[in-house]
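Here is the file target-v9.cif (mmCIF, C-alpha atoms and all ligand atoms).
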```cif
data_query
loop_
_atom_site.label_atom_id
_atom_site.label_comp_id
_atom_site.auth_asym_id
_atom_site.auth_seq_id
_atom_site.Cartn_x
_atom_site.Cartn_y
_atom_site.Cartn_z
CA MET G 1 0.54 28.74 -16.82
CA THR G 2 -0.59 31.92 -18.37
CA ASP G 3 -0.56 30.40 -21.72
CA LEU G 4 -3.31 30.03 -23.95
CA PRO G 5 -3.80 28.36 -26.88
CA ASP G 6 -5.61 30.61 -29.17
CA SER G 7 -8.41 32.96 -29.76
CA ARG G 8 -11.03 30.45 -30.78
CA PRO G 9 -14.56 31.19 -29.64
CA PRO G 10 -15.56 29.19 -26.57
CA ARG G 11 -16.59 25.65 -27.44
CA ARG G 12 -17.15 24.29 -23.97
CA PRO G 13 -18.38 25.67 -20.65
CA GLY G 14 -14.85 25.65 -19.23
CA ASP G 15 -13.44 27.77 -22.04
CA GLY G 16 -12.69 31.35 -21.13
CA TRP G 17 -10.26 33.61 -19.35
CA VAL G 18 -9.88 34.26 -15.65
CA GLU G 19 -8.56 37.56 -14.36
CA CYS G 20 -6.39 36.28 -11.52
CA ARG G 21 -5.35 38.06 -8.31
CA CYS G 22 -1.75 37.31 -9.36
CA GLY G 23 -2.13 39.99 -12.03
CA HIS G 24 -2.25 37.62 -15.00
CA ARG G 25 -5.02 36.15 -17.10
CA HIS G 26 -5.32 32.38 -17.23
CA TRP G 27 -7.19 30.07 -19.59
CA GLY G 28 -9.96 27.94 -18.09
CA ARG G 29 -12.89 29.36 -16.11
CA TYR G 30 -12.80 26.33 -13.78
CA GLY G 31 -9.05 25.91 -13.94
CA ALA G 32 -6.96 23.90 -16.34
CA ALA G 33 -5.27 20.50 -16.32
CA GLY G 34 -2.66 18.63 -18.33
CA LEU G 35 -1.44 15.06 -18.57
CA LEU G 36 2.17 14.09 -17.86
CA LEU G 37 2.37 10.50 -19.10
CA TRP G 38 5.43 8.37 -18.32
CA ARG G 39 6.53 4.87 -19.14
CA ARG G 40 9.25 2.86 -17.51
CA GLU G 41 12.36 2.21 -19.59
CA ALA G 42 14.56 -0.81 -19.11
CA ASP G 43 17.63 -0.01 -17.07
CA GLY G 44 17.18 -2.15 -14.07
CA GLY G 45 20.23 -1.01 -12.14
CA LEU G 46 18.86 2.49 -11.49
CA PRO G 47 16.21 3.63 -9.00
CA VAL G 48 12.77 3.99 -10.59
CA THR G 49 12.87 7.75 -9.91
CA ASP G 50 16.08 8.26 -11.92
CA PRO G 51 15.16 10.20 -15.09
CA ARG G 52 17.06 7.62 -17.13
CA ARG G 53 14.43 5.07 -16.06
CA TYR G 54 11.47 6.76 -17.75
CA ALA G 55 10.30 8.63 -20.83
CA VAL G 56 7.41 11.11 -20.98
CA VAL G 57 5.04 12.37 -23.67
CA LEU G 58 5.55 15.98 -24.69
CA GLN G 59 3.54 18.06 -27.11
CA HIS G 60 5.19 20.43 -29.57
CA ARG G 61 2.98 23.52 -29.54
CA ALA G 62 1.74 25.15 -32.71
CA VAL G 63 3.84 28.16 -33.64
CA TRP G 64 0.87 30.55 -33.66
CA SER G 65 0.02 29.72 -30.04
CA HIS G 66 1.26 31.60 -26.98
CA HIS G 67 4.95 30.65 -26.54
CA GLY G 68 4.54 28.90 -29.88
CA GLY G 69 7.11 26.29 -30.85
CA THR G 70 7.84 25.26 -27.27
CA TRP G 71 7.22 21.79 -25.81
CA ALA G 72 4.72 21.19 -23.02
CA LEU G 73 1.95 18.84 -21.97
CA PRO G 74 -1.35 18.08 -23.67
CA GLY G 75 -4.06 19.78 -21.61
CA GLY G 76 -6.58 22.57 -21.42
CA ALA G 77 -9.59 24.00 -19.64
CA VAL G 78 -11.47 21.81 -17.16
CA ASN G 79 -15.25 21.70 -17.57
CA PRO G 80 -17.53 22.27 -14.57
CA ASP G 81 -18.93 18.75 -14.75
CA GLU G 82 -15.59 16.96 -14.66
CA THR G 83 -12.71 16.49 -12.21
CA GLU G 84 -9.22 17.73 -13.01
CA VAL G 85 -8.23 14.11 -13.69
CA GLU G 86 -11.13 13.66 -16.11
CA GLY G 87 -10.30 16.94 -17.82
CA ALA G 88 -6.64 16.02 -18.26
CA LEU G 89 -7.52 12.59 -19.65
CA ARG G 90 -10.04 14.06 -22.09
CA GLU G 91 -7.60 16.69 -23.34
CA ALA G 92 -4.82 14.09 -23.71
CA ALA G 93 -7.11 11.90 -25.80
CA GLU G 94 -8.19 14.82 -28.00
CA GLU G 95 -4.82 16.50 -28.47
CA ALA G 96 -2.35 13.62 -28.32
CA GLY G 97 -4.36 10.48 -29.07
CA LEU G 98 -3.63 9.03 -25.64
CA PRO G 99 -6.48 6.68 -24.67
CA ALA G 100 -7.62 6.70 -21.02
CA SER G 101 -7.78 2.90 -21.18
CA GLY G 102 -4.01 2.78 -21.72
CA VAL G 103 -3.00 4.97 -18.80
CA ARG G 104 -3.10 4.76 -15.03
CA VAL G 105 -3.18 7.97 -13.05
CA ARG G 106 -0.58 7.85 -10.27
CA ALA G 107 -0.43 11.32 -8.72
CA ASP G 108 -1.07 14.96 -9.36
CA HIS G 109 0.55 18.32 -8.75
CA ARG G 110 -1.45 21.50 -8.22
CA LEU G 111 -0.44 25.10 -8.84
CA ASP G 112 -3.11 27.06 -6.97
CA HIS G 113 -3.51 30.79 -7.51
CA GLY G 114 -6.73 31.12 -5.52
CA ASP G 115 -8.76 32.41 -8.47
CA TRP G 116 -7.47 29.74 -10.77
CA ALA G 117 -5.44 26.51 -10.57
CA TYR G 118 -3.49 24.27 -12.90
CA THR G 119 -3.38 20.55 -12.13
CA THR G 120 -0.72 18.37 -13.69
CA VAL G 121 -1.97 14.79 -13.71
CA VAL G 122 0.92 12.32 -13.65
CA ALA G 123 0.09 8.94 -15.15
CA GLU G 124 1.84 5.75 -16.25
CA ALA G 125 1.32 4.07 -19.61
CA VAL G 126 0.08 0.59 -18.70
CA ARG G 127 0.29 -0.70 -22.23
CA GLU G 128 2.01 0.45 -25.37
CA VAL G 129 0.58 3.81 -26.43
CA GLU G 130 1.80 5.85 -29.36
CA PRO G 131 0.96 9.53 -29.14
CA GLN G 132 -0.33 11.19 -32.27
CA VAL G 133 -1.31 14.70 -33.19
CA GLY G 134 -5.03 15.01 -32.56
CA ASP G 135 -5.82 18.62 -33.30
CA HIS G 136 -4.45 21.89 -34.61
CA GLU G 137 -2.94 22.92 -31.25
CA SER G 138 0.05 20.64 -31.73
CA ILE G 139 2.55 20.10 -34.47
CA GLY G 140 3.94 16.99 -32.88
CA VAL G 141 3.74 14.70 -29.87
CA ALA G 142 6.47 12.30 -28.87
CA TRP G 143 8.01 10.15 -26.18
CA VAL G 144 11.02 12.03 -24.81
CA PRO G 145 13.66 10.46 -22.51
CA GLY G 146 13.32 11.76 -18.94
CA ALA G 147 16.96 12.79 -18.84
CA ALA G 148 16.63 14.83 -22.06
CA LEU G 149 13.62 17.02 -21.23
CA ARG G 150 15.71 20.14 -20.81
CA ASP G 151 17.29 19.68 -24.23
CA ARG G 152 14.14 21.08 -25.82
CA PRO G 153 12.70 24.58 -25.57
CA LEU G 154 10.01 24.15 -22.92
CA LEU G 155 6.94 26.24 -22.20
CA PRO G 156 8.20 28.48 -19.36
CA ALA G 157 5.45 27.47 -16.92
CA PHE G 158 6.19 23.79 -17.56
CA ALA G 159 9.92 24.35 -17.09
CA ASP G 160 9.18 26.07 -13.77
CA ALA G 161 7.11 23.11 -12.55
CA LEU G 162 9.59 20.49 -13.71
CA PRO G 163 11.64 20.12 -10.49
CA ALA G 164 8.46 19.35 -8.52
CA LEU G 165 7.15 17.06 -11.27
CA HIS G 166 10.38 15.05 -11.34
CA GLU G 167 9.60 14.04 -7.74
CA LEU G 168 6.40 12.34 -8.93
CA LEU G 169 7.67 10.65 -12.07
CA GLY G 170 8.37 6.93 -12.18
CA ARG G 171 6.58 6.30 -8.89
CA ARG G 172 3.59 4.16 -8.00
CA LEU G 173 1.71 3.99 -4.72
CA VAL G 174 0.37 0.60 -3.66
CA ILE G 175 -1.83 0.29 -0.57
CA VAL G 176 -1.97 -3.21 0.94
CA VAL G 177 -4.91 -3.56 3.32
CA ASP G 178 -4.97 -6.07 6.18
CA GLY G 179 -8.63 -6.94 5.67
CA ALA G 180 -9.33 -8.67 8.99
CA ASN G 181 -7.71 -5.92 11.05
CA THR G 182 -9.34 -3.13 9.07
CA MET G 183 -12.84 -4.63 9.24
CA GLY G 184 -12.28 -5.24 12.94
CA ALA G 185 -11.73 -1.52 13.49
CA ARG G 186 -15.37 -0.78 12.63
CA PRO G 187 -18.16 -2.47 14.61
CA ASP G 188 -20.67 -2.59 11.76
CA GLY G 189 -21.78 -6.20 12.24
CA TRP G 190 -19.07 -7.61 9.96
CA TRP G 191 -18.93 -10.76 12.11
CA HIS G 192 -22.38 -11.85 10.90
CA ASP G 193 -21.16 -12.21 7.30
CA ARG G 194 -17.47 -11.79 6.66
CA HIS G 195 -17.81 -12.33 2.92
CA ALA G 196 -20.35 -9.53 2.56
CA ALA G 197 -18.29 -7.29 4.85
CA THR G 198 -15.25 -7.87 2.62
CA GLU G 199 -17.29 -6.87 -0.43
CA ARG G 200 -18.34 -3.65 1.31
CA LEU G 201 -14.76 -2.84 2.20
CA ARG G 202 -13.62 -3.64 -1.35
CA ASP G 203 -16.18 -1.23 -2.79
CA GLU G 204 -15.11 1.53 -0.40
CA LEU G 205 -11.49 0.94 -1.40
CA ALA G 206 -12.42 1.17 -5.09
CA THR G 207 -13.95 4.59 -4.44
CA LEU G 208 -10.78 5.62 -2.63
CA ALA G 209 -8.55 4.38 -5.49
CA ALA G 210 -10.49 6.55 -7.96
CA ALA G 211 -10.70 9.65 -5.75
CA GLY G 212 -7.11 9.45 -4.51
CA LEU G 213 -5.59 10.51 -1.20
CA ALA G 214 -3.98 13.77 -0.14
CA ALA G 215 -0.21 13.38 -0.56
CA GLY G 216 0.43 14.42 3.04
CA ARG G 217 -1.62 11.49 4.35
CA VAL G 218 0.76 9.01 2.73
CA GLY G 219 3.98 10.96 3.25
CA LEU G 220 4.60 11.64 -0.45
CA PRO G 221 5.26 14.85 -2.42
CA GLY G 222 2.72 16.46 -4.73
CA HIS G 223 -1.01 17.10 -4.22
CA ARG G 224 -2.83 13.74 -4.47
CA TRP G 225 -1.90 10.11 -5.08
CA TYR G 226 -4.05 7.50 -6.78
CA PRO G 227 -3.12 4.08 -5.42
CA ASP G 228 -3.39 0.57 -6.67
CA VAL G 229 -5.10 -1.23 -3.78
CA GLU G 230 -4.69 -4.82 -2.66
CA LEU G 231 -7.09 -6.20 -0.06
CA VAL G 232 -5.83 -9.27 1.75
CA ALA G 233 -8.66 -11.59 2.84
CA GLU G 234 -8.34 -14.61 5.08
CA GLY G 235 -10.58 -17.43 6.32
CA ALA G 236 -14.31 -16.90 5.77
CA ALA G 237 -13.64 -13.51 4.15
CA ARG G 238 -12.07 -15.15 1.08
CA GLY G 239 -13.63 -15.65 -2.35
CA VAL G 240 -14.56 -12.05 -3.08
CA SER G 241 -13.97 -10.87 -6.65
CA ASP G 242 -11.75 -7.94 -7.62
CA ALA G 243 -13.08 -4.46 -8.33
CA PRO G 244 -11.87 -3.81 -11.88
CA ALA G 245 -9.85 -0.73 -12.73
CA GLY G 246 -11.73 2.06 -14.49
CA ASP G 247 -10.49 4.23 -17.34
CA GLY G 248 -7.34 5.87 -16.04
CA VAL G 249 -7.69 4.80 -12.43
CA GLY G 250 -6.78 1.67 -10.50
CA GLY G 251 -9.14 -0.86 -8.98
CA VAL G 252 -8.90 -3.25 -6.07
CA VAL G 253 -7.25 -6.66 -6.27
CA VAL G 254 -8.51 -9.05 -3.61
CA VAL G 255 -5.74 -11.40 -2.45
CA ASP G 256 -6.94 -14.59 -0.77
CA ALA G 257 -4.42 -15.58 1.89
CA PRO G 258 -3.71 -19.31 1.63
CA GLY G 259 -2.87 -19.38 5.33
CA SER G 260 -2.04 -16.53 7.66
CA GLY G 261 -3.31 -13.16 6.52
CA ASP G 262 -0.26 -11.52 8.05
CA ASP G 263 2.11 -13.65 5.99
CA ALA G 264 0.21 -12.73 2.82
CA VAL G 265 0.41 -9.02 3.66
CA VAL G 266 4.17 -9.28 4.19
CA ALA G 267 4.57 -11.20 0.90
CA ARG G 268 2.65 -8.53 -1.07
CA ALA G 269 4.58 -5.68 0.54
CA THR G 270 7.87 -7.42 -0.18
CA ALA G 271 6.96 -8.03 -3.83
CA HIS G 272 5.94 -4.41 -4.44
CA ARG G 273 8.99 -3.03 -2.68
CA GLY G 274 11.05 -5.24 -5.00
CA ASP G 275 9.42 -3.45 -7.96
CA GLY G 276 10.43 -0.08 -6.49
CA ASP G 277 6.86 0.86 -5.53
CA GLU G 278 5.88 3.10 -2.63
CA VAL G 279 3.96 0.81 -0.28
CA VAL G 280 1.63 1.69 2.57
CA VAL G 281 0.29 -1.22 4.63
CA VAL G 282 -2.96 -0.53 6.45
CA THR G 283 -3.12 -2.33 9.79
CA SER G 284 -3.08 -1.51 13.47
CA ASP G 285 -1.39 -4.82 14.33
CA ARG G 286 1.94 -3.95 15.94
CA GLU G 287 3.77 -7.13 15.08
CA LEU G 288 2.65 -6.94 11.44
CA ARG G 289 3.70 -3.28 11.28
CA ARG G 290 7.16 -4.23 12.47
CA ARG G 291 7.44 -6.98 9.84
CA VAL G 292 6.36 -4.83 6.88
CA GLU G 293 8.41 -1.81 7.93
CA ALA G 294 11.46 -4.07 7.62
CA THR G 295 10.68 -4.28 3.87
CA GLY G 296 10.74 -0.47 3.56
CA ALA G 297 6.94 -0.16 3.50
CA ARG G 298 5.16 2.52 5.50
CA THR G 299 2.22 1.74 7.74
CA ALA G 300 -1.04 3.47 8.60
CA GLY G 301 -4.07 2.67 10.74
CA PRO G 302 -7.45 1.69 9.28
CA GLY G 303 -8.54 5.35 9.46
CA LEU G 304 -6.50 5.96 6.29
CA VAL G 305 -8.99 3.99 4.20
CA LEU G 306 -12.26 3.84 6.12
CA PRO G 307 -14.71 6.56 5.13
ZN ZN Z 401 -2.79 33.65 -11.26
#
```
Will you turn the file into structure tokens for me?
Ligand SMILES: [Zn+2]
Amino acid sequence: MTDLPDSRPPRRPGDGWVECRCGHRHWGRYGAAGLLLWRREADGGLPVTDPRRYAVVLQHRAVWSHHGGTWALPGGAVNPDETEVEGALREAAEEAGLPASGVRVRADHRLDHGDWAYTTVVAEAVREVEPQVGDHESIGVAWVPGAALRDRPLLPAFADALPALHELLGRRLVIVVDGANTMGARPDGWWHDRHAATERLRDELATLAAAGLAAGRVGLPGHRWYPDVELVAEGAARGVSDAPAGDGVGGVVVVDAPGSGDDAVVARATAHRGDGDEVVVVTSDRELRRRVEATGARTAGPGLVLP
């Protein structure tokens, strides 16, 4: 995305041009990031990845800007003290009035030029959010049906990325963790106090939910995925509170198994598969793996989530 907004003087440490080895100049000394926000539309008969099942927020770019008058994503330069996700959320709040508290980051896509990179952060609206023009860089922001994106003149770089971005839209990753099996994989004294050990694991999972996982580790397209995490606790490990979601990122829901932990894991996987979610169950238990794979969930060993 060679574009760039305008010729304003730098306002922030990330503002500025990069002379890239690709032969172009790019905006954002530490790279740039944009937010691709989607919401699910009612049309229950279609797969969640069908463009008719979602709408996305597009920004109509000011006519004086580079490729002025085209539609693209709210975004801009990333600052050195923030992650790409934080930069995208900040820009979306400033430019399009999209509050971080109303969105949940699901995945991202990275265009890496070596000297510079553009990260498209793909997020779901988790409550009703109405975009509104927040600064002079846009002349409009609007929800646009997923199937109608190409009907508008798009910023060329955004149009180029669209096929890859369509693979990320409408999708959620849920990781269901078999708590007993996962704790058992690490001999850290968990048997002395299962409740405290469950709290430790929950906190590690909350860090993972915020930082995300490389797409290749969970068999999904794109660069990183930011999961919702459910930790299934049984027996003496029960009674641990949830780790609340932060702005833009998911937290950890602790599910107390009424009886067998395995049955609770299967029930959660089945429910999420029914919603069309991508599900990865973390366990090394062979019989449990067989049961959850029958629901269409994937499985991974405890190494996926243990630091
Ligand atoms: Zn370049």
message: Residues contacting ligand ZN 401 (chain Z) - anything with an atom at most 6 Å away, using all atoms listed in the file - can you give me those as a list in words?
response: Cys20, Arg21, Cys22, His24 and His113 of chain G
- prompt: Using all atoms listed in the file, which residues sit within 8 Å of region 94-101 of chain G once same-chain residues fewer than 2 positions away are excluded, as a list of chain:residue names?
  reply: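 Within the cut-off, the hits are G:Gln59, G:Pro74, G:Gly75, G:Leu89, G:Arg90, G:Glu91, G:Ala92, G:Val103, G:Arg104, G:Val129, G:Glu130, G:Pro131, G:Gln132, G:Val133, G:Gly134, G:Asp135, G:Glu137, G:Ser138, G:Val141, G:Gly246, G:Asp247, G:Gly248.
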statement: Min atom-atom distance to Asp277 (chain G) from the set G:Arg298, G:Arg29, G:Arg127, G:His195, counting all atoms listed in the file, belongs to G:Arg298
query: Of the candidates G:Ala257, G:Leu168, G:Leu155, G:Val265, which one gets nearest to His67 (chain G) if we count all atoms listed in the file?
result: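 Closest candidate: G:Leu155.
Counting all atoms listed in the file, the residue from G:Asp50, G:Glu293, G:Asp15, G:Asp203 that sits nearest to Pro145 (chain G) is G:Asp50.
Among the candidates G:Leu36, G:Ala55, G:Val63, G:Leu306, the residue lying nearest to Gly146 (chain G) is G:Ala55 (atoms considered: only C-alpha atoms).
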message: Ranking G:Glu19, G:Glu41, G:Glu278, G:Asp285 by minimum distance to Ala147 (chain G) and counting all atoms listed in the file, which one comes first?
response: G:Glu41
task: Could you tell me which of G:Arg110, G:Leu169, G:Arg194, G:Ala300 comes closest to Gly219 (chain G) if we count all atoms listed in the file?
output: G:Ala300
query: What is the distance, in Å and to one decimal place, between CA of Trp190 (chain G) and CA of Ser284 (chain G)?
result: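 Spanning CA of Trp190 (chain G) to CA of Ser284 (chain G) is a straight-line distance of 17.5 Å.
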- request: One decimal, Å: what's the distance from CA of Gly16 (chain G) over to CA of Ala164 (chain G), could you say?
  value: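 CA of Gly16 (chain G) sits 27.4 Å away from CA of Ala164 (chain G).
Every residue within 12 Å of the file position (11.7, 27.9, -32.8), judged by all atoms listed in the file, is given as His60, Arg61, Ala62, Val63, Trp64, His67, Gly68, Gly69, Thr70, Trp71, Arg152, Pro153, Leu154 and Leu155 of chain G.
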query: Within 12 Å of (5.4, 12.4, 1.0), in the coordinates the file gives, what residues turn up when you count only C-alpha atoms, written out as a PyMOL selection string?
result: chain G and resi 107+167-168+171+173+213-225+278-280+298
statement: Expressed in Å, the length from CA of Ala206 (chain G) to CA of Gly296 (chain G) is 24.8 Å
- prompt: What lies within 12 Å of Arg202 (chain G) using all atoms listed in the file, ignoring chain neighbours under 6 positions off, as a PyMOL selection string?
  reply: chain G and resi 176-179+182-183+195-196+208-209+229-233+237-238+240-244+251-255+305-306
task: Give me the residues within 8 Å of Trp116 (chain G) as a list in words, counting all atoms listed in the file and dropping any in the same chain fewer than 6 places off.
output: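 Listed by chain and then number, they are Val18, Cys20, His26, Gly28, Arg29, Tyr30 and Gly31 of chain G.
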Test item: residues at most 12 Å from Gly44 (chain G), only C-alpha atoms, excluding those fewer than 2 positions along its chain, as a PyMOL selection string: chain G and resi 40-42+46-50+52-54+274-276
task: Please provide the set of residues having any atom within 7 Å of Val144 (chain G), restricted to all atoms listed in the file, with same-chain residues fewer than 3 positions apart removed, written as number ranges by chain.
output: G: 55-58, 148-149
